[in-house]
file input35.cif (mmCIF, C-alpha atoms and all ligand atoms)
data_input
#
loop_
_atom_site.label_atom_id
_atom_site.label_comp_id
_atom_site.auth_asym_id
_atom_site.auth_seq_id
_atom_site.Cartn_x
_atom_site.Cartn_y
_atom_site.Cartn_z
CA MET K 1 2.64 -18.59 27.01
CA SER K 2 5.69 -16.78 25.66
CA ILE K 3 5.21 -14.20 22.93
CA PRO K 4 7.05 -14.95 19.67
CA ASP K 5 9.41 -12.40 18.18
CA PRO K 6 8.09 -11.14 14.80
CA GLN K 7 11.59 -11.16 13.29
CA LYS K 8 11.92 -14.86 14.17
CA ILE K 9 8.52 -15.51 12.65
CA ILE K 10 9.50 -13.80 9.41
CA GLU K 11 12.67 -15.89 9.28
CA ARG K 12 10.62 -19.02 9.79
CA ILE K 13 8.55 -18.33 6.73
CA ASP K 14 10.57 -19.60 3.82
CA ASP K 15 8.07 -18.85 1.14
CA LEU K 16 7.50 -15.26 2.07
CA PRO K 17 6.96 -13.57 -1.27
CA THR K 18 9.90 -12.04 -3.06
CA LEU K 19 9.56 -9.36 -5.69
CA PRO K 20 10.04 -10.35 -9.33
CA ARG K 21 13.63 -9.87 -10.56
CA THR K 22 12.65 -7.23 -13.10
CA VAL K 23 11.06 -5.07 -10.42
CA LEU K 24 14.15 -5.37 -8.24
CA LYS K 25 16.31 -4.42 -11.22
CA ILE K 26 14.06 -1.43 -11.87
CA THR K 27 14.25 -0.37 -8.22
CA GLU K 28 18.04 -0.48 -8.50
CA LEU K 29 18.06 1.62 -11.69
CA VAL K 30 15.68 4.16 -10.20
CA ASN K 31 17.94 4.53 -7.16
CA ASP K 32 21.02 5.00 -9.33
CA PRO K 33 21.43 8.68 -10.27
CA LYS K 34 23.54 7.71 -13.29
CA SER K 35 20.83 5.68 -15.05
CA SER K 36 18.88 7.19 -17.90
CA ALA K 37 15.35 6.83 -19.26
CA LYS K 38 16.86 4.65 -21.99
CA ASP K 39 18.38 2.19 -19.48
CA LEU K 40 15.07 1.90 -17.70
CA ALA K 41 13.11 1.49 -20.94
CA ARG K 42 15.45 -1.34 -21.97
CA VAL K 43 14.76 -3.33 -18.78
CA ILE K 44 11.02 -2.80 -19.04
CA THR K 45 10.69 -3.63 -22.73
CA ASP K 46 12.57 -6.88 -22.12
CA ASP K 47 9.49 -8.00 -20.25
CA GLN K 48 6.43 -8.11 -22.50
CA VAL K 49 3.91 -8.45 -19.71
CA LEU K 50 5.30 -5.47 -17.84
CA THR K 51 5.43 -3.40 -21.02
CA ALA K 52 1.81 -4.13 -21.87
CA ARG K 53 0.73 -3.39 -18.34
CA LEU K 54 2.66 -0.17 -18.08
CA LEU K 55 1.21 1.16 -21.33
CA LYS K 56 -2.28 0.13 -20.29
CA LEU K 57 -1.93 1.91 -16.97
CA VAL K 58 -0.43 5.15 -18.27
CA ASN K 59 -3.18 5.33 -20.84
CA SER K 60 -5.91 4.74 -18.25
CA SER K 61 -8.23 7.38 -16.86
CA PHE K 62 -6.25 7.18 -13.62
CA TYR K 63 -3.50 9.33 -15.13
CA GLY K 64 -5.80 11.25 -17.40
CA PHE K 65 -3.22 12.30 -20.02
CA PRO K 66 -4.94 13.99 -22.95
CA GLN K 67 -3.08 12.05 -25.69
CA ARG K 68 -2.26 8.38 -26.02
CA ILE K 69 1.25 7.44 -24.90
CA PRO K 70 2.43 4.72 -27.28
CA THR K 71 5.97 3.96 -26.02
CA VAL K 72 7.67 2.97 -22.79
CA THR K 73 10.24 5.77 -23.18
CA GLY K 74 7.40 8.25 -23.63
CA ALA K 75 5.79 6.96 -20.43
CA ILE K 76 9.05 7.29 -18.51
CA VAL K 77 9.64 10.83 -19.72
CA LEU K 78 6.09 11.88 -18.83
CA LEU K 79 5.75 10.14 -15.49
CA GLY K 80 9.31 10.13 -14.18
CA PHE K 81 11.43 7.32 -12.74
CA ASP K 82 9.84 7.10 -9.33
CA ALA K 83 6.33 6.94 -10.71
CA ILE K 84 7.28 4.13 -13.06
CA ARG K 85 8.88 2.13 -10.27
CA ASN K 86 5.83 2.63 -8.07
CA LEU K 87 3.51 1.68 -10.84
CA LEU K 88 5.33 -1.56 -11.57
CA LEU K 89 5.68 -2.29 -7.88
CA THR K 90 1.93 -1.90 -7.51
CA THR K 91 1.00 -4.31 -10.26
CA SER K 92 3.63 -6.85 -9.14
CA VAL K 93 2.41 -6.78 -5.56
CA PHE K 94 -1.12 -7.39 -6.75
CA ASP K 95 0.14 -10.45 -8.59
CA LEU K 96 2.11 -11.83 -5.67
CA PHE K 97 -0.91 -12.12 -3.52
CA ALA K 98 -3.41 -13.18 -6.13
CA ASN K 99 -5.06 -16.58 -5.94
CA ARG K 100 -2.59 -18.33 -3.71
CA ASN K 101 -5.21 -19.90 -1.57
CA ARG K 102 -8.73 -20.39 -2.84
CA LYS K 103 -10.28 -20.60 0.57
CA MET K 104 -8.93 -17.21 1.51
CA LYS K 105 -9.49 -15.65 -1.86
CA GLN K 106 -12.56 -13.70 -0.86
CA ASP K 107 -10.99 -12.34 2.32
CA GLN K 108 -7.86 -11.39 0.44
CA GLU K 109 -9.86 -9.54 -2.17
CA ARG K 110 -11.68 -7.54 0.47
CA PHE K 111 -8.37 -6.71 2.11
CA TRP K 112 -7.06 -5.53 -1.22
CA ASP K 113 -10.12 -3.38 -1.74
CA HIS K 114 -9.33 -1.78 1.59
CA SER K 115 -5.73 -1.22 0.51
CA LEU K 116 -6.78 0.19 -2.82
CA GLY K 117 -9.23 2.53 -1.07
CA CYS K 118 -6.45 3.72 1.21
CA ALA K 119 -4.10 4.19 -1.77
CA VAL K 120 -6.66 6.34 -3.56
CA GLY K 121 -7.32 8.22 -0.31
CA ALA K 122 -3.62 8.93 0.19
CA LYS K 123 -3.42 10.23 -3.37
CA VAL K 124 -6.46 12.49 -2.96
CA ILE K 125 -5.30 13.86 0.41
CA GLY K 126 -1.80 14.33 -1.01
CA ASN K 127 -3.22 16.30 -3.92
CA TYR K 128 -5.25 18.46 -1.56
CA LEU K 129 -2.08 19.19 0.45
CA ARG K 130 -0.06 19.73 -2.75
CA HIS K 131 2.38 17.02 -1.71
CA ASP K 132 5.10 16.45 -4.32
CA LYS K 133 5.23 12.63 -4.15
CA ILE K 134 1.71 11.57 -5.05
CA GLU K 135 2.76 8.27 -6.63
CA GLU K 136 4.64 7.23 -3.55
CA LEU K 137 1.69 8.12 -1.34
CA PHE K 138 -0.49 5.90 -3.51
CA VAL K 139 1.91 2.96 -3.10
CA SER K 140 2.23 3.61 0.64
CA GLY K 141 -1.54 3.39 0.98
CA LEU K 142 -1.61 0.25 -1.08
CA LEU K 143 1.01 -1.43 1.08
CA HIS K 144 0.14 -0.01 4.51
CA ASP K 145 -1.57 -3.20 5.74
CA ILE K 146 0.64 -5.68 3.90
CA GLY K 147 1.43 -7.19 7.30
CA LYS K 148 -2.19 -8.35 7.53
CA ILE K 149 -1.80 -10.26 4.28
CA VAL K 150 1.42 -11.82 5.56
CA GLU K 151 -0.44 -12.89 8.67
CA MET K 152 -3.38 -14.26 6.74
CA MET K 153 -1.32 -16.21 4.25
CA PHE K 154 1.75 -17.26 6.15
CA LEU K 155 0.65 -17.38 9.77
CA PRO K 156 -2.83 -18.91 9.42
CA HIS K 157 -2.88 -20.30 12.94
CA GLU K 158 -2.00 -16.97 14.53
CA PHE K 159 -4.38 -15.21 12.15
CA SER K 160 -7.35 -17.35 13.16
CA ARG K 161 -6.70 -16.59 16.82
CA VAL K 162 -6.68 -12.89 16.02
CA VAL K 163 -9.94 -13.21 14.07
CA ALA K 164 -11.54 -15.07 16.99
CA ALA K 165 -10.52 -12.31 19.42
CA ILE K 166 -11.93 -9.62 17.10
CA LYS K 167 -15.25 -11.48 16.89
CA LYS K 168 -15.50 -12.18 20.58
CA GLU K 169 -14.55 -8.75 21.85
CA ASN K 170 -15.45 -6.49 18.93
CA ILE K 171 -12.03 -4.81 18.99
CA LEU K 172 -9.69 -3.31 16.40
CA MET K 173 -7.46 -5.78 14.59
CA THR K 174 -4.33 -4.04 15.94
CA THR K 175 -5.62 -4.36 19.50
CA ALA K 176 -6.38 -8.04 18.96
CA GLU K 177 -2.95 -8.69 17.42
CA ASN K 178 -1.13 -7.00 20.29
CA LYS K 179 -3.19 -8.92 22.79
CA VAL K 180 -3.02 -12.36 21.19
CA LEU K 181 0.35 -12.29 19.40
CA GLY K 182 2.30 -9.55 21.15
CA TYR K 183 3.04 -7.81 17.83
CA ASN K 184 0.91 -6.37 15.04
CA HIS K 185 0.61 -6.11 11.27
CA ALA K 186 2.51 -2.81 11.16
CA GLU K 187 5.62 -4.54 12.54
CA LEU K 188 5.23 -7.50 10.19
CA GLY K 189 4.73 -5.14 7.25
CA LYS K 190 7.87 -3.22 8.16
CA LEU K 191 9.91 -6.44 8.17
CA LEU K 192 8.59 -7.44 4.77
CA ALA K 193 9.20 -3.97 3.31
CA GLU K 194 12.77 -4.06 4.59
CA ARG K 195 13.28 -7.48 3.11
CA TRP K 196 12.09 -6.14 -0.23
CA ASN K 197 14.52 -3.21 0.06
CA LEU K 198 11.75 -0.70 -0.40
CA PRO K 199 12.66 2.99 0.06
CA VAL K 200 12.94 4.07 3.74
CA ARG K 201 10.00 6.40 3.28
CA LEU K 202 7.72 3.46 2.44
CA VAL K 203 9.11 1.33 5.26
CA GLN K 204 8.47 4.12 7.77
CA VAL K 205 4.91 4.74 6.60
CA ILE K 206 4.05 1.03 6.74
CA ALA K 207 5.59 0.74 10.20
CA HIS K 208 3.87 3.78 11.67
CA HIS K 209 0.54 4.23 9.92
CA HIS K 210 -1.25 3.85 13.26
CA GLN K 211 1.08 6.24 15.14
CA PRO K 212 2.29 8.63 12.44
CA ASN K 213 4.27 10.71 14.90
CA ASN K 214 6.76 7.87 15.33
CA ALA K 215 7.68 8.01 11.63
CA GLY K 216 10.33 10.70 12.20
CA SER K 217 10.95 12.76 9.08
CA PHE K 218 8.15 10.87 7.29
CA ALA K 219 5.48 11.76 9.85
CA MET K 220 3.58 13.79 7.24
CA GLU K 221 3.38 10.86 4.79
CA ALA K 222 2.40 8.48 7.62
CA ALA K 223 -0.29 10.94 8.74
CA ILE K 224 -1.71 11.10 5.21
CA VAL K 225 -1.96 7.31 5.03
CA HIS K 226 -3.37 7.21 8.57
CA LEU K 227 -6.18 9.58 7.59
CA ALA K 228 -6.78 7.78 4.28
CA ASP K 229 -7.16 4.52 6.22
CA ILE K 230 -9.84 6.10 8.42
CA PHE K 231 -11.67 7.69 5.46
CA CYS K 232 -11.77 4.49 3.44
CA ARG K 233 -13.22 2.61 6.39
CA ALA K 234 -15.81 5.33 6.83
CA LEU K 235 -16.62 5.00 3.12
CA ASN K 236 -16.92 1.22 3.44
CA MET K 237 -14.23 0.43 0.89
CA GLY K 238 -13.26 -3.21 1.31
CA TYR K 239 -12.60 -4.74 4.69
CA GLY K 240 -9.77 -3.80 7.07
CA GLY K 241 -10.09 -6.85 9.32
CA ASP K 242 -12.58 -5.55 11.89
CA ASN K 243 -15.76 -3.51 12.00
CA LYS K 244 -14.32 -0.53 13.77
CA ILE K 245 -12.90 2.76 12.58
CA PRO K 246 -9.39 3.31 14.01
CA PRO K 247 -9.20 6.42 16.22
CA LEU K 248 -7.84 9.57 14.60
CA ASP K 249 -4.43 10.44 16.02
CA THR K 250 -4.71 14.03 17.23
CA GLN K 251 -1.05 14.88 16.58
CA ALA K 252 -1.39 13.57 13.02
CA TRP K 253 -4.50 15.67 12.48
CA GLU K 254 -2.71 18.78 13.73
CA LEU K 255 0.23 18.09 11.45
CA LEU K 256 -1.98 17.73 8.38
CA LYS K 257 -3.78 21.07 8.94
CA ILE K 258 -6.74 20.05 6.80
CA ASP K 259 -9.68 22.42 6.96
CA SER K 260 -12.66 20.44 8.30
CA SER K 261 -14.82 21.99 5.60
CA ALA K 262 -12.70 20.15 2.98
CA ILE K 263 -13.44 16.68 4.34
CA ASP K 264 -16.64 16.19 2.33
CA THR K 265 -14.92 17.14 -0.91
CA ILE K 266 -11.94 14.87 -0.19
CA MET K 267 -14.16 11.92 0.60
CA GLY K 268 -16.32 12.56 -2.46
CA THR K 269 -13.25 12.60 -4.73
CA MET K 270 -11.97 9.44 -3.04
CA HIS K 271 -15.25 7.68 -3.69
CA ARG K 272 -15.26 8.62 -7.38
CA GLU K 273 -11.61 7.77 -8.04
CA TYR K 274 -11.87 4.49 -6.16
CA HIS K 275 -14.66 3.33 -8.43
CA ASP K 276 -12.76 4.38 -11.53
CA ILE K 277 -9.62 2.54 -10.58
CA SER K 278 -11.23 -0.59 -9.20
CA ASN K 279 -13.21 -0.97 -12.45
CA PHE K 280 -9.95 -0.58 -14.31
CA ILE K 281 -7.98 -3.07 -12.24
CA SER K 282 -10.65 -5.76 -12.20
FE FE K 301 -3.28 -0.96 9.72
FE FE K 302 -5.78 -0.24 7.01
#

call {"tool": "encode", "arguments": {"input": "input35.cif", "output": "structure tokens", "more": "lines below"}}
Ligand SMILES: [Fe+2]
Ligand SMILES: [Fe+2]
result
Amino acid sequence: MSIPDPQKIIERIDDLPTLPRTVLKITELVNDPKSSAKDLARVITDDQVLTARLLKLVNSSFYGFPQRIPTVTGAIVLLGFDAIRNLLLTTSVFDLFANRNRKMKQDQERFWDHSLGCAVGAKVIGNYLRHDKIEELFVSGLLHDIGKIVEMMFLPHEFSRVVAAIKKENILMTTAENKVLGYNHAELGKLLAERWNLPVRLVQVIAHHHQPNNAGSFAMEAAIVHLADIFCRALNMGYGGDNKIPPLDTQAWELLKIDSSAIDTIMGTMHREYHDISNFIS
């Protein structure tokens, strides 16, 4: 049997989700150095749902600002452009994949719990390492396995063959995908991220979260998400598609330079923040 090319598969899927127009517009504004907080606020406040959501999120315990932030402009000034884009991207991506198929709803929710766990993990590890793009790490974690969702929703036949192989051989999902399909969710995720015109940094992390060293100048970010993925599986947050913990990439571990004595604290913080945010989102 010949192995299909993932790019061809993506092209075959007409109803692959697109991002809402407002989010695309916001991404454009954020990438344009000439745009101001006012321009961005105008686009956001045009959309009542987005406005309500943004204000709810910035006033949540997740951000932990001491005072209430009543306006969109205030939120932009406090959080910055990138954070706002990431925040809106996050909530829109949640929407895209919500309730499309009742039969798969439960599986999808468990996948999302895994993604959310990894997002929180990436944020906590990023904080520990004093990384300067915490928001982006959060979104990278959230989207790292988006290829699995694409597979589940748009390639159900291929997906069920992968699931059967995982059950039969008790292997990692990536191993099963490579074996059965000849490509894996990281490649599918990369194609989707490119189609959405996400920043290169995000594309690279999604593409290389299992081999962070291949992410070039974003190897550090990919390594953070790689470790977060392992931690959230160890902490039993959601379901990543198989019952195994992916092996820790030694080069990634060396790059991160995390003191082993800090692992307990990092995982403890992850656990606490995960519960806070999942209560908030649900
Ligand atoms: Fe993965
Ligand atoms: Fe994962």

call {"tool": "residues_near_ligand", "arguments": {"input": "input35.cif", "ligand": "ligand FE 302 (chain K)", "cutoff": "6 Å", "atoms": "all atoms listed in the file", "output": "PDB file with C-alpha atoms, in the coordinates of the input"}}
result
ATOM      1  CA  ASP K 145      -1.570  -3.200   5.740  1.00  0.00           C
ATOM      2  CA  ASP K 229      -7.160   4.520   6.220  1.00  0.00           C
ATOM      3  CA  GLY K 240      -9.770  -3.800   7.070  1.00  0.00           C
TER       4      GLY K 240
END

call {"tool": "closest_residue", "arguments": {"input": "input35.cif", "among": "K:Pro247, K:Gly241, K:Gly126, K:Gly182", "to": "His210 (chain K)", "atoms": "all atoms listed in the file"}}
result
K:Pro247

call {"tool": "closest_atom_pairs", "arguments": {"input": "input35.cif", "of": "chain K", "to": "ligand FE 301 (chain K)", "cutoff": "12 Å", "atoms": "all atoms listed in the file", "output": "tab-separated table"}}
result
residue	atom	partner	partner_atom	distance
K:Phe111	CA	K:FE301	FE	10.8
K:His114	CA	K:FE301	FE	10.2
K:Ser115	CA	K:FE301	FE	9.5
K:Cys118	CA	K:FE301	FE	10.2
K:Ser140	CA	K:FE301	FE	11.6
K:Gly141	CA	K:FE301	FE	9.9
K:Leu142	CA	K:FE301	FE	11.0
K:Leu143	CA	K:FE301	FE	9.7
K:His144	CA	K:FE301	FE	6.3
K:Asp145	CA	K:FE301	FE	4.9
K:Ile146	CA	K:FE301	FE	8.5
K:Gly147	CA	K:FE301	FE	8.2
K:Lys148	CA	K:FE301	FE	7.8
K:Ile149	CA	K:FE301	FE	10.9
K:Leu172	CA	K:FE301	FE	9.6
K:Met173	CA	K:FE301	FE	8.0
K:Thr174	CA	K:FE301	FE	7.0
K:Thr175	CA	K:FE301	FE	10.6
K:Glu177	CA	K:FE301	FE	10.9
K:Asn184	CA	K:FE301	FE	8.7
K:His185	CA	K:FE301	FE	6.6
K:Ala186	CA	K:FE301	FE	6.2
K:Glu187	CA	K:FE301	FE	10.0
K:Leu188	CA	K:FE301	FE	10.7
K:Gly189	CA	K:FE301	FE	9.4
K:Lys190	CA	K:FE301	FE	11.5
K:Val205	CA	K:FE301	FE	10.5
K:Ile206	CA	K:FE301	FE	8.2
K:Ala207	CA	K:FE301	FE	9.0
K:His208	CA	K:FE301	FE	8.8
K:His209	CA	K:FE301	FE	6.4
K:His210	CA	K:FE301	FE	6.3
K:Gln211	CA	K:FE301	FE	10.0
K:Pro212	CA	K:FE301	FE	11.4
K:Ala222	CA	K:FE301	FE	11.2
K:Val225	CA	K:FE301	FE	9.6
K:His226	CA	K:FE301	FE	8.3
K:Leu227	CA	K:FE301	FE	11.1
K:Ala228	CA	K:FE301	FE	10.9
K:Asp229	CA	K:FE301	FE	7.6
K:Ile230	CA	K:FE301	FE	9.7
K:Cys232	CA	K:FE301	FE	11.9
K:Arg233	CA	K:FE301	FE	11.1
K:Tyr239	CA	K:FE301	FE	11.2
K:Gly240	CA	K:FE301	FE	7.6
K:Gly241	CA	K:FE301	FE	9.0
K:Asp242	CA	K:FE301	FE	10.6
K:Lys244	CA	K:FE301	FE	11.8
K:Ile245	CA	K:FE301	FE	10.7
K:Pro246	CA	K:FE301	FE	8.6
K:Pro247	CA	K:FE301	FE	11.5

call {"tool": "closest_residue", "arguments": {"input": "input35.cif", "among": "K:Glu221, K:Phe154, K:Lys179, K:Leu54", "to": "Asp132 (chain K)", "atoms": "only C-alpha atoms"}}
result
K:Glu221

call {"tool": "atom_distance", "arguments": {"input": "input35.cif", "atom1": "CA of Arg85 (chain K)", "atom2": "CA of Ser60 (chain K)"}}
result
17.0 Å

call {"tool": "residues_around", "arguments": {"input": "input35.cif", "residues": "region 159-163 of chain K", "least_positions_apart": "2", "cutoff": "8 Å", "atoms": "all atoms listed in the file", "output": "PyMOL selection string"}}
result
chain K and resi 151-152+155-157+165-167+173+176-177+180-181+241

call {"tool": "atom_distance", "arguments": {"input": "input35.cif", "atom1": "CA of Asn214 (chain K)", "atom2": "CA of Gln251 (chain K)"}}
result
10.6 Å

call {"tool": "closest_residue", "arguments": {"input": "input35.cif", "among": "K:Val30, K:Ser36, K:Pro199, K:Thr91", "to": "Leu57 (chain K)", "atoms": "only C-alpha atoms"}}
result
K:Thr91

call {"tool": "closest_residue", "arguments": {"input": "input35.cif", "among": "K:Ala37, K:Leu235, K:Leu256, K:Leu50", "to": "Gly117 (chain K)", "atoms": "all atoms listed in the file"}}
result
K:Leu235

call {"tool": "atom_distance", "arguments": {"input": "input35.cif", "atom1": "CA of Leu40 (chain K)", "atom2": "CA of Glu135 (chain K)"}}
result
17.7 Å
